[in-house]
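*Asks:* The structure file my_file.cif (mmCIF, C-alpha atoms) is provided below.
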```cif
data_run
#
loop_
_atom_site.label_atom_id
_atom_site.label_comp_id
_atom_site.auth_asym_id
_atom_site.auth_seq_id
_atom_site.Cartn_x
_atom_site.Cartn_y
_atom_site.Cartn_z
CA MET A 21 -96.89 -10.10 15.93
CA LEU A 22 -93.78 -8.35 14.62
CA TRP A 23 -91.94 -8.88 17.89
CA LEU A 24 -92.63 -12.62 17.65
CA VAL A 25 -91.08 -12.77 14.17
CA ILE A 26 -88.04 -10.86 15.44
CA ILE A 27 -87.61 -13.28 18.33
CA VAL A 28 -87.89 -16.27 15.99
CA LEU A 29 -85.24 -14.73 13.68
CA ILE A 30 -82.90 -14.06 16.59
CA VAL A 31 -83.29 -17.62 17.86
CA ALA A 32 -82.73 -19.01 14.35
CA ILE A 33 -79.60 -16.92 13.83
CA ALA A 34 -78.24 -17.97 17.22
CA ALA A 35 -78.90 -21.62 16.42
CA VAL A 36 -77.17 -21.39 13.02
CA THR A 37 -74.22 -19.57 14.57
CA LEU A 38 -73.89 -22.26 17.24
CA VAL A 39 -74.04 -25.07 14.67
CA LEU A 40 -71.45 -23.38 12.45
CA SER A 41 -69.18 -22.75 15.43
CA ARG A 42 -69.34 -26.39 16.47
CA GLN A 43 -68.68 -27.55 12.91
CA ASN A 44 -65.71 -25.24 12.65
CA LYS A 45 -64.26 -26.50 15.94
CA GLN A 46 -64.77 -30.09 14.87
CA ARG A 47 -63.15 -29.42 11.48
CA THR A 48 -60.18 -27.71 13.15
CA ALA A 49 -59.82 -30.57 15.62
CA THR A 50 -59.83 -33.08 12.77
CA GLN A 51 -57.26 -31.07 10.82
CA LEU A 52 -55.06 -30.77 13.90
CA ALA A 53 -55.26 -34.51 14.58
CA ASP A 54 -54.33 -35.28 10.96
CA ALA A 55 -51.48 -32.77 10.92
CA LEU A 56 -50.11 -34.08 14.24
CA ALA A 57 -50.25 -37.68 13.02
CA ASP A 58 -48.44 -36.70 9.81
CA ALA A 59 -45.74 -34.78 11.68
CA ARG A 60 -45.26 -37.56 14.24
CA GLN A 61 -44.80 -40.11 11.48
CA VAL A 62 -42.02 -38.04 9.91
CA ASN A 63 -40.36 -37.39 13.25
CA GLU A 64 -40.50 -41.06 14.20
CA ARG A 65 -38.82 -41.91 10.90
CA LEU A 66 -36.17 -39.32 11.69
CA GLY A 67 -35.69 -40.74 15.17
CA GLY A 68 -35.17 -44.21 13.74
CA GLN A 69 -32.33 -42.92 11.56
CA VAL A 70 -30.80 -40.93 14.41
CA TYR A 71 -30.53 -44.09 16.51
CA ASN A 72 -29.43 -46.39 13.67
CA LEU A 73 -26.59 -44.42 12.12
CA SER A 74 -23.08 -43.81 13.36
CA GLY A 75 -20.79 -41.27 11.69
CA SER A 76 -17.49 -42.48 10.28
CA ASN A 77 -16.02 -39.03 9.60
CA ASP A 78 -16.35 -35.47 10.87
CA ALA A 79 -18.85 -34.38 8.21
CA ALA A 80 -21.15 -37.34 8.86
CA LYS A 81 -20.89 -36.95 12.64
CA GLN A 82 -21.81 -33.28 12.50
CA ALA A 83 -24.75 -33.95 10.15
CA LEU A 84 -26.02 -36.62 12.54
CA VAL A 85 -25.71 -34.25 15.49
CA ASP A 86 -27.78 -31.70 13.57
CA ALA A 87 -30.32 -34.39 12.68
CA SER A 88 -30.62 -35.28 16.36
CA GLU A 89 -31.22 -31.65 17.27
CA ARG A 90 -34.04 -31.45 14.70
CA HIS A 91 -35.56 -34.64 16.08
CA LEU A 92 -35.62 -33.23 19.60
CA ALA A 93 -36.88 -29.85 18.41
CA ALA A 94 -39.70 -31.41 16.38
CA GLY A 95 -40.76 -33.47 19.40
CA SER A 96 -40.92 -30.33 21.53
CA GLN A 97 -42.95 -28.51 18.88
CA LEU A 98 -45.38 -31.43 18.63
CA ASP A 99 -45.92 -31.31 22.39
CA GLN A 100 -46.78 -27.61 22.16
CA ALA A 101 -48.82 -27.71 18.93
CA ARG A 102 -52.40 -26.48 19.32
CA THR A 103 -53.23 -25.66 15.68
CA PRO A 104 -52.72 -27.42 12.32
CA ALA A 105 -50.21 -24.72 11.33
CA GLN A 106 -48.11 -25.44 14.41
CA ALA A 107 -48.16 -29.16 13.64
CA ARG A 108 -47.07 -28.48 10.08
CA LEU A 109 -44.20 -26.40 11.45
CA ALA A 110 -43.08 -29.39 13.52
CA LYS A 111 -43.18 -31.52 10.38
CA GLN A 112 -40.90 -29.02 8.63
CA THR A 113 -38.42 -29.38 11.48
CA ALA A 114 -38.47 -33.17 11.17
CA LEU A 115 -38.11 -32.99 7.38
CA GLU A 116 -35.04 -30.81 7.82
CA GLY A 117 -33.63 -33.51 10.07
CA LEU A 118 -34.12 -36.06 7.30
CA TYR A 119 -32.02 -33.87 5.01
CA TYR A 120 -29.22 -34.07 7.56
CA ILE A 121 -29.60 -37.85 7.59
CA ARG A 122 -29.23 -37.91 3.81
CA ALA A 123 -26.19 -35.65 4.08
CA ALA A 124 -24.58 -37.92 6.66
CA ARG A 125 -25.12 -40.96 4.47
CA GLU A 126 -23.65 -39.17 1.44
CA ALA A 127 -20.63 -38.10 3.51
CA MET A 128 -20.02 -41.78 4.32
CA GLY A 129 -20.37 -42.83 0.68
CA MET A 130 -23.73 -44.53 1.28
CA ASP A 131 -26.91 -44.37 -0.75
CA PRO A 132 -28.72 -41.28 0.59
CA GLY A 133 -32.07 -43.05 0.53
CA PRO A 134 -35.42 -41.79 -0.74
CA ALA A 135 -35.98 -38.16 -1.64
CA VAL A 136 -37.34 -35.82 1.03
CA PRO A 137 -40.06 -33.24 0.28
CA ALA A 138 -38.74 -29.72 -0.27
CA LEU A 139 -38.50 -27.42 2.74
CA ASP A 140 -40.15 -24.01 2.81
CA GLY A 141 -37.85 -21.52 1.11
CA GLN A 142 -35.38 -24.20 0.04
CA ASP A 143 -35.83 -23.80 -3.70
CA ALA A 144 -35.57 -20.01 -3.44
CA ALA A 145 -32.36 -20.27 -1.40
CA GLY A 146 -30.61 -22.29 -4.09
CA LYS A 147 -27.52 -24.41 -3.53
CA VAL A 148 -23.75 -24.27 -3.62
CA THR A 149 -22.49 -25.42 -7.03
CA GLU A 150 -18.73 -24.83 -6.81
CA ASP A 151 -15.90 -24.82 -4.31
CA ARG A 152 -15.15 -21.39 -2.97
CA VAL A 153 -12.98 -19.98 -0.19
CA VAL A 154 -13.19 -16.38 1.02
CA GLU A 155 -11.57 -14.43 3.82
CA HIS A 156 -13.93 -12.83 6.29
CA ASP A 157 -13.21 -11.29 9.68
CA GLY A 158 -9.67 -12.62 9.68
CA ARG A 159 -10.61 -16.23 8.93
CA GLU A 160 -11.19 -18.32 5.83
CA ILE A 161 -14.71 -19.56 5.15
CA ALA A 162 -15.21 -22.27 2.55
CA ALA A 163 -18.29 -23.48 0.70
CA SER A 164 -18.59 -26.62 -1.39
CA PRO A 165 -21.25 -28.83 -2.97
CA ASN A 166 -19.48 -31.83 -1.40
CA PRO A 167 -18.42 -32.83 2.12
CA SER A 168 -14.73 -32.84 2.96
CA PRO A 169 -12.49 -32.40 6.01
CA ALA A 170 -12.39 -28.69 5.07
CA THR A 171 -16.20 -28.41 4.73
CA PRO A 172 -17.81 -30.68 7.35
CA ASN A 173 -20.88 -28.52 8.14
CA TYR A 174 -23.99 -29.19 6.06
CA TYR A 175 -27.03 -26.98 5.59
CA PRO A 176 -30.06 -28.21 3.57
CA GLY A 177 -31.02 -24.76 2.29
CA GLY A 178 -33.78 -22.44 3.44
CA ARG A 179 -34.29 -19.31 5.49
CA VAL A 180 -32.39 -18.36 8.62
CA ALA A 181 -33.71 -15.34 10.50
CA GLY A 182 -35.65 -14.35 7.40
CA ARG A 183 -32.71 -14.61 4.99
CA PRO A 184 -31.93 -17.34 2.41
CA VAL A 185 -28.96 -19.64 2.98
CA PRO A 186 -28.03 -21.97 0.08
CA ALA A 187 -27.82 -25.72 0.56
CA GLY A 188 -24.27 -26.99 0.73
CA TRP A 189 -21.27 -27.91 2.83
CA TYR A 190 -19.34 -25.24 4.73
CA SER A 191 -16.16 -24.92 6.74
CA GLU A 192 -18.19 -23.51 9.61
CA PRO A 193 -21.88 -22.90 10.32
CA TRP A 194 -21.64 -19.16 9.63
CA TRP A 195 -25.44 -18.83 9.78
CA LYS A 196 -25.71 -20.02 13.41
CA PRO A 197 -25.14 -16.65 15.12
CA ALA A 198 -28.26 -15.45 13.29
CA LEU A 199 -30.15 -18.45 14.69
CA VAL A 200 -29.18 -17.54 18.23
CA ALA A 201 -29.67 -13.78 17.90
CA GLY A 202 -32.65 -13.96 15.54
CA ALA A 203 -30.98 -11.35 13.31
CA TRP A 204 -27.97 -11.11 11.03
CA GLY A 205 -24.89 -9.13 11.96
CA LEU A 206 -23.58 -6.09 10.11
CA GLY A 207 -21.01 -8.05 8.11
CA SER A 208 -23.39 -10.80 6.98
CA ALA A 209 -24.29 -9.18 3.65
CA LEU A 210 -20.59 -8.74 2.80
CA LEU A 211 -19.87 -12.37 3.69
CA PHE A 212 -22.82 -13.54 1.64
CA SER A 213 -21.79 -11.44 -1.34
CA SER A 214 -18.17 -12.59 -1.34
CA LEU A 215 -19.09 -16.25 -0.76
CA PHE A 216 -21.82 -16.57 -3.41
CA SER A 217 -21.37 -13.71 -5.90
CA GLY A 218 -21.67 -15.00 -9.46
CA MET A 219 -22.26 -18.61 -8.35
CA SER A 220 -24.73 -20.49 -10.52
CA GLY A 221 -27.40 -22.19 -8.46
CA VAL A 222 -27.70 -19.23 -6.11
CA GLY A 223 -30.35 -17.20 -7.90
CA TYR A 224 -30.11 -13.91 -6.04
CA ASP A 225 -27.51 -11.33 -5.13
CA VAL A 226 -26.62 -9.56 -1.92
CA GLN A 227 -29.66 -7.29 -2.33
CA GLY A 228 -31.81 -10.40 -2.31
CA PHE A 229 -30.10 -11.52 0.86
CA GLU A 230 -30.61 -8.15 2.51
CA SER A 231 -34.30 -8.05 1.58
CA GLY A 232 -34.87 -11.68 2.48
CA TYR A 233 -35.67 -12.93 -1.00
CA GLY A 234 -34.33 -12.96 -4.50
CA ASP A 235 -35.49 -13.15 -8.11
CA GLY A 236 -38.91 -14.73 -8.40
CA TYR A 237 -39.27 -15.17 -4.64
CA GLN A 238 -42.69 -14.04 -3.49
CA ASP A 239 -42.89 -12.10 -0.25
CA GLY A 240 -45.01 -14.67 1.49
CA LEU A 241 -43.67 -17.81 -0.13
CA ALA A 242 -41.83 -19.20 2.85
CA ALA A 243 -43.12 -16.88 5.50
CA GLY A 244 -45.66 -19.51 6.55
CA ASP A 245 -48.51 -18.95 8.97
CA ASN A 246 -47.35 -20.37 12.25
CA GLY A 247 -50.69 -19.79 13.91
CA GLY A 248 -49.11 -17.90 16.77
CA PHE A 249 -46.83 -20.85 17.58
CA ASP A 250 -43.68 -19.76 19.22
CA GLY A 251 -42.55 -23.34 18.92
CA GLY A 252 -40.06 -21.62 19.96
CA GLY A 253 -40.18 -19.43 16.95
CA TYR A 254 -38.93 -22.05 14.58
CA GLU A 255 -38.94 -21.24 10.89
CA SER A 256 -37.70 -23.40 8.11
CA GLY A 257 -33.98 -23.40 8.22
CA ALA A 258 -33.84 -22.13 11.79
CA GLU A 259 -33.67 -23.73 15.16
CA PRO A 260 -36.43 -23.34 17.73
CA ALA A 261 -35.78 -20.96 20.56
CA GLY A 262 -34.63 -22.90 23.56
CA TYR A 263 -32.61 -25.24 21.37
CA ASP A 264 -29.09 -23.92 21.39
CA PRO A 265 -27.51 -24.98 18.11
CA GLY A 266 -24.31 -25.60 19.96
CA SER A 267 -25.79 -27.60 22.77
CA ASP A 268 -25.48 -31.30 23.38
CA ALA A 269 -27.87 -33.10 21.05
CA GLY A 270 -29.76 -35.12 23.56
CA GLY A 271 -26.99 -37.07 25.15
CA TYR A 272 -26.48 -39.55 22.35
CA GLN A 273 -22.96 -40.92 21.89
CA SER A 274 -21.78 -41.66 18.38
CA GLY A 275 -19.71 -44.53 17.10
CA GLY A 276 -17.03 -41.87 16.72
CA ASP A 277 -16.75 -39.05 19.19
CA ALA A 278 -18.72 -36.03 17.98
CA GLY A 279 -18.44 -34.27 21.28
CA GLY A 280 -16.53 -31.05 21.29
CA PHE A 281 -16.63 -30.86 17.51
CA ASP A 282 -14.85 -27.69 16.42
CA ASP A 283 -17.11 -25.91 13.95
CA GLY A 284 -14.39 -23.87 12.46
CA GLY A 285 -14.17 -20.88 14.72
CA LEU A 286 -17.72 -20.20 15.92
CA ASP A 287 -17.36 -20.24 19.66
CA GLY A 288 -19.97 -21.99 21.69
CA PHE A 289 -21.09 -24.57 19.15
CA ASP A 290 -20.42 -27.94 20.69
CA GLY A 291 -21.20 -30.86 18.41
CA GLY A 292 -23.03 -32.82 21.09
CA GLY A 293 -23.12 -36.59 21.17
CA PHE A 294 -24.67 -39.42 19.27
CA ASP A 295 -25.34 -43.10 19.13
CA GLY A 296 -26.22 -45.42 16.36
CA GLY A 297 -25.15 -48.10 14.03
CA GLY A 298 -27.17 -49.43 11.10
CA GLY A 299 -28.68 -48.29 7.89
CA PHE A 300 -31.31 -46.07 6.44
CA ASP A 301 -34.76 -47.44 6.55
CA GLY A 302 -36.94 -47.78 3.49
CA GLY A 303 -39.05 -45.26 1.64
CA PHE A 304 -40.19 -41.93 2.94
#
```
Turn the structure described in the file into C-alpha cells.
*Replies:*
Amino acid sequence: MLWLVIIVLIVAIAAVTLVLSRQNKQRTATQLADALADARQVNERLGGQVYNLSGSNDAAKQALVDASERHLAAGSQLDQARTPAQARLAKQTALEGLYYIRAAREAMGMDPGPAVPALDGQDAAGKVTEDRVVEHDGREIAASPNPSPATPNYYPGGRVAGRPVPAGWYSEPWWKPALVAGAWGLGSALLFSSLFSGMSGVGYDVQGFESGYGDGYQDGLAAGDNGGFDGGGYESGAEPAGYDPGSDAGGYQSGGDAGGFDDGGLDGFDGGGFDGGGGFDGGF
C-alpha cells in the first residue's frame, strides 16, 4: 500500500512541475511579446525622425548620424532578442537614438519635442554645465552644454564600457575608442579628471570614473540584466558590437553632406550619410 502512495505522490509532483513549467514558459512568452512590441514602437518612432529630419549644421548632422546608427542597432537587437531583458536592451538603444534626435533639433534651433525617458545610468553620469577646454595628448578637447562649431559631437549621458560619461556637446567623441575596444585607455582617467574636475552637474570625481560609479551610484544600478544577450554586447551609452561607431550609418544621405565628417581627431570615425526633411512627430 505504501508503494502505491509513493507512486501517486511522484505522479502528482510531476504533474504540478509540468503545469508550473508550462505556465512559466507562457508567462515568459507573453512578457517577451510585450517587451518586443514596446521596443519596436520606440524604434519605429526613431526611424520616422531619422527619415524626416535633415541637418542644417555640423552638430545637427552628426547627431542625426548617431541617431541613425542607434536605429539600425536597435533593429538588429530586436531581431536577435529571445528574452524580455534583451528586448528591453533594444528599447534602450532606440531611446538613446531619440536623445540624438532631440539634440539635432536643438542644434537647429527647433523645439526638441517631447521628453524622452531617462536612460540607464544617465542620471548618475550627470551633464556638462559649463564650457571647458583642456589639452590632452597634444590636442585640445572641449566640452560644452551647448552645440557649436567647436563642439559638434553630442552624447546623451550614460555608461561607456562600464564608465560614466556626462551628457553634453564635445569637440570630439573621446569616448568612442572605449566603445570599439570595450575598455578605456591608460590616459582616460586623466582626461576625465581635467575635463570635468570641479564641474557642477558631474557628481563624481576621477575615482568615481575609475570605479565605474560615483557618489550615490549603486553597483548594480545601470548594470542591467541582459539575459545573456550579446546584442552585440550593447549597454546603455555604448554601441553594439558589430556596429562600428565610425561606419556609414545605413547609407542615408542628408540634406547637407555628413559624409566624411571630421570628429576632431579620432581617426576612423566617418560620419556616414543621411536623408530627411521634415519635422518631429508628436508625443512620445
*Asks:* Between A:Pro193, A:Pro172, A:Pro104, A:Pro184, which residue has the minimum interatomic distance to Gln82 (chain A), considering only C-alpha atoms?
*Replies:*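 Smallest distance to Gln82 (chain A) is found for A:Pro172.
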*Asks:* Mind giving me the straight-line distance from CA of Val136 (chain A) to CA of Trp195 (chain A) in Å, one decimal?
*Replies:*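 One can read the CA of Val136 (chain A) to CA of Trp195 (chain A) distance as 22.5 Å.
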*Asks:* Quick one: apply the PyMOL selection byres ((chain A and resi 155) around 12) to the file and drop the selected residues here as a PyMOL selection string.
*Replies:* chain A and resi 152-154+156-163+191+210-215
*Asks:* Starting from the PyMOL selection byres ((chain A and resi 113) around 8), expand the selection into actual residues of this file and give them as an MDAnalysis selection string.
*Replies:* chainID A and resid 90:91 93:94 109:112 114:117 254 256
*Asks:* One decimal, in Å: what's the spacing between CA of Gln106 (chain A) and CA of Val222 (chain A)?
*Replies:* 29.6 Å
*Asks:* May I have the residues within 10 Å of Gly67 (chain A) as a compact mmCIF listing (two decimals) with C-alpha atoms, keeping the file's coordinate frame, using only C-alpha atoms and disregarding those fewer than 3 positions away in the same chain?
*Replies:*
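Once written, result26.txt looks like this:
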```txt
# COMPACT_ATOMS: atom_id res chain seq x y z
CA GLN A 61 -44.80 -40.11 11.48
CA VAL A 62 -42.02 -38.04 9.91
CA ASN A 63 -40.36 -37.39 13.25
CA GLU A 64 -40.50 -41.06 14.20
CA VAL A 70 -30.80 -40.93 14.41
CA TYR A 71 -30.53 -44.09 16.51
CA ASN A 72 -29.43 -46.39 13.67
CA ALA A 87 -30.32 -34.39 12.68
CA SER A 88 -30.62 -35.28 16.36
CA ARG A 90 -34.04 -31.45 14.70
CA HIS A 91 -35.56 -34.64 16.08
CA LEU A 92 -35.62 -33.23 19.60
CA GLY A 95 -40.76 -33.47 19.40
CA ALA A 114 -38.47 -33.17 11.17
CA GLY A 117 -33.63 -33.51 10.07
CA LEU A 118 -34.12 -36.06 7.30
```
*Asks:* Out of A:Gln51, A:Thr149, A:Ser41, A:Ala83, which residue has the shortest atom-to-atom distance to Glu126 (chain A) when counting only C-alpha atoms?
*Replies:*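 Ranked by minimum distance to Glu126 (chain A), first place goes to A:Ala83.
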*Asks:* Report, in Å to a single decimal, how far apart CA of Arg125 (chain A) and CA of Ala80 (chain A) are.
*Replies:*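 That distance, rounded to one decimal, is 6.9 Å.
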*Asks:* I want to know what sits within 12 Å of Pro169 (chain A), based on all atoms listed in the file, with residues of the same chain fewer than 2 positions away left out; could you give that as a PyMOL selection string?
*Replies:* chain A and resi 77-82+127+162-164+166-167+171-174+189-192+282-284
*Asks:* Which of these, A:Ala124, A:Ala203, A:Met219, A:Val180, has the shortest distance to Asp151 (chain A) once you count only C-alpha atoms?
*Replies:*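 With only C-alpha atoms as the atom set, the closest residue is A:Met219.
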*Asks:* When the PyMOL selection byres ((chain A and resi 198) around 10) is applied to the structure above, which residues does it catch, written out as a PyMOL selection string?
*Replies:* chain A and resi 180-183+194-197+199-205+208+258
*Asks:* Generate the output file for the selected residues, C-alpha atoms, as a CSV table (one decimal), in the frame of the given file.
*Replies:*
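As a result, selection.csv now contains:
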```
chain,number,residue,atom,x,y,z
A,180,VAL,CA,-32.4,-18.4,8.6
A,181,ALA,CA,-33.7,-15.3,10.5
A,182,GLY,CA,-35.6,-14.4,7.4
A,183,ARG,CA,-32.7,-14.6,5.0
A,194,TRP,CA,-21.6,-19.2,9.6
A,195,TRP,CA,-25.4,-18.8,9.8
A,196,LYS,CA,-25.7,-20.0,13.4
A,197,PRO,CA,-25.1,-16.6,15.1
A,199,LEU,CA,-30.2,-18.4,14.7
A,200,VAL,CA,-29.2,-17.5,18.2
A,201,ALA,CA,-29.7,-13.8,17.9
A,202,GLY,CA,-32.6,-14.0,15.5
A,203,ALA,CA,-31.0,-11.4,13.3
A,204,TRP,CA,-28.0,-11.1,11.0
A,205,GLY,CA,-24.9,-9.1,12.0
A,208,SER,CA,-23.4,-10.8,7.0
A,258,ALA,CA,-33.8,-22.1,11.8
```
*Asks:* Return the padded bounding box of region 182-192 of chain A as JSON: axis-aligned, built from all atoms listed in the file, 3 Å added on each side, with centre and edge lengths in Å to one decimal.
*Replies:*
```
{"center_x": -25.9, "center_y": -21.1, "center_z": 4.8, "size_x": 25.5, "size_y": 19.6, "size_z": 15.5}
```
*Asks:* With distances taken over all atoms listed in the file, which residue among A:Pro176, A:Gln46, A:Ser76, A:Gln69 lies nearest Gly146 (chain A)?
*Replies:*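 Selected residue with least distance to Gly146 (chain A): A:Pro176.
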*Asks:* Hey, which of A:Gly221, A:Gly178, A:Tyr119, A:Lys147 ends up closest to Ala135 (chain A)? Count only C-alpha atoms.
*Replies:*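 The shortest atom-to-atom distance to Ala135 (chain A) comes from A:Tyr119.
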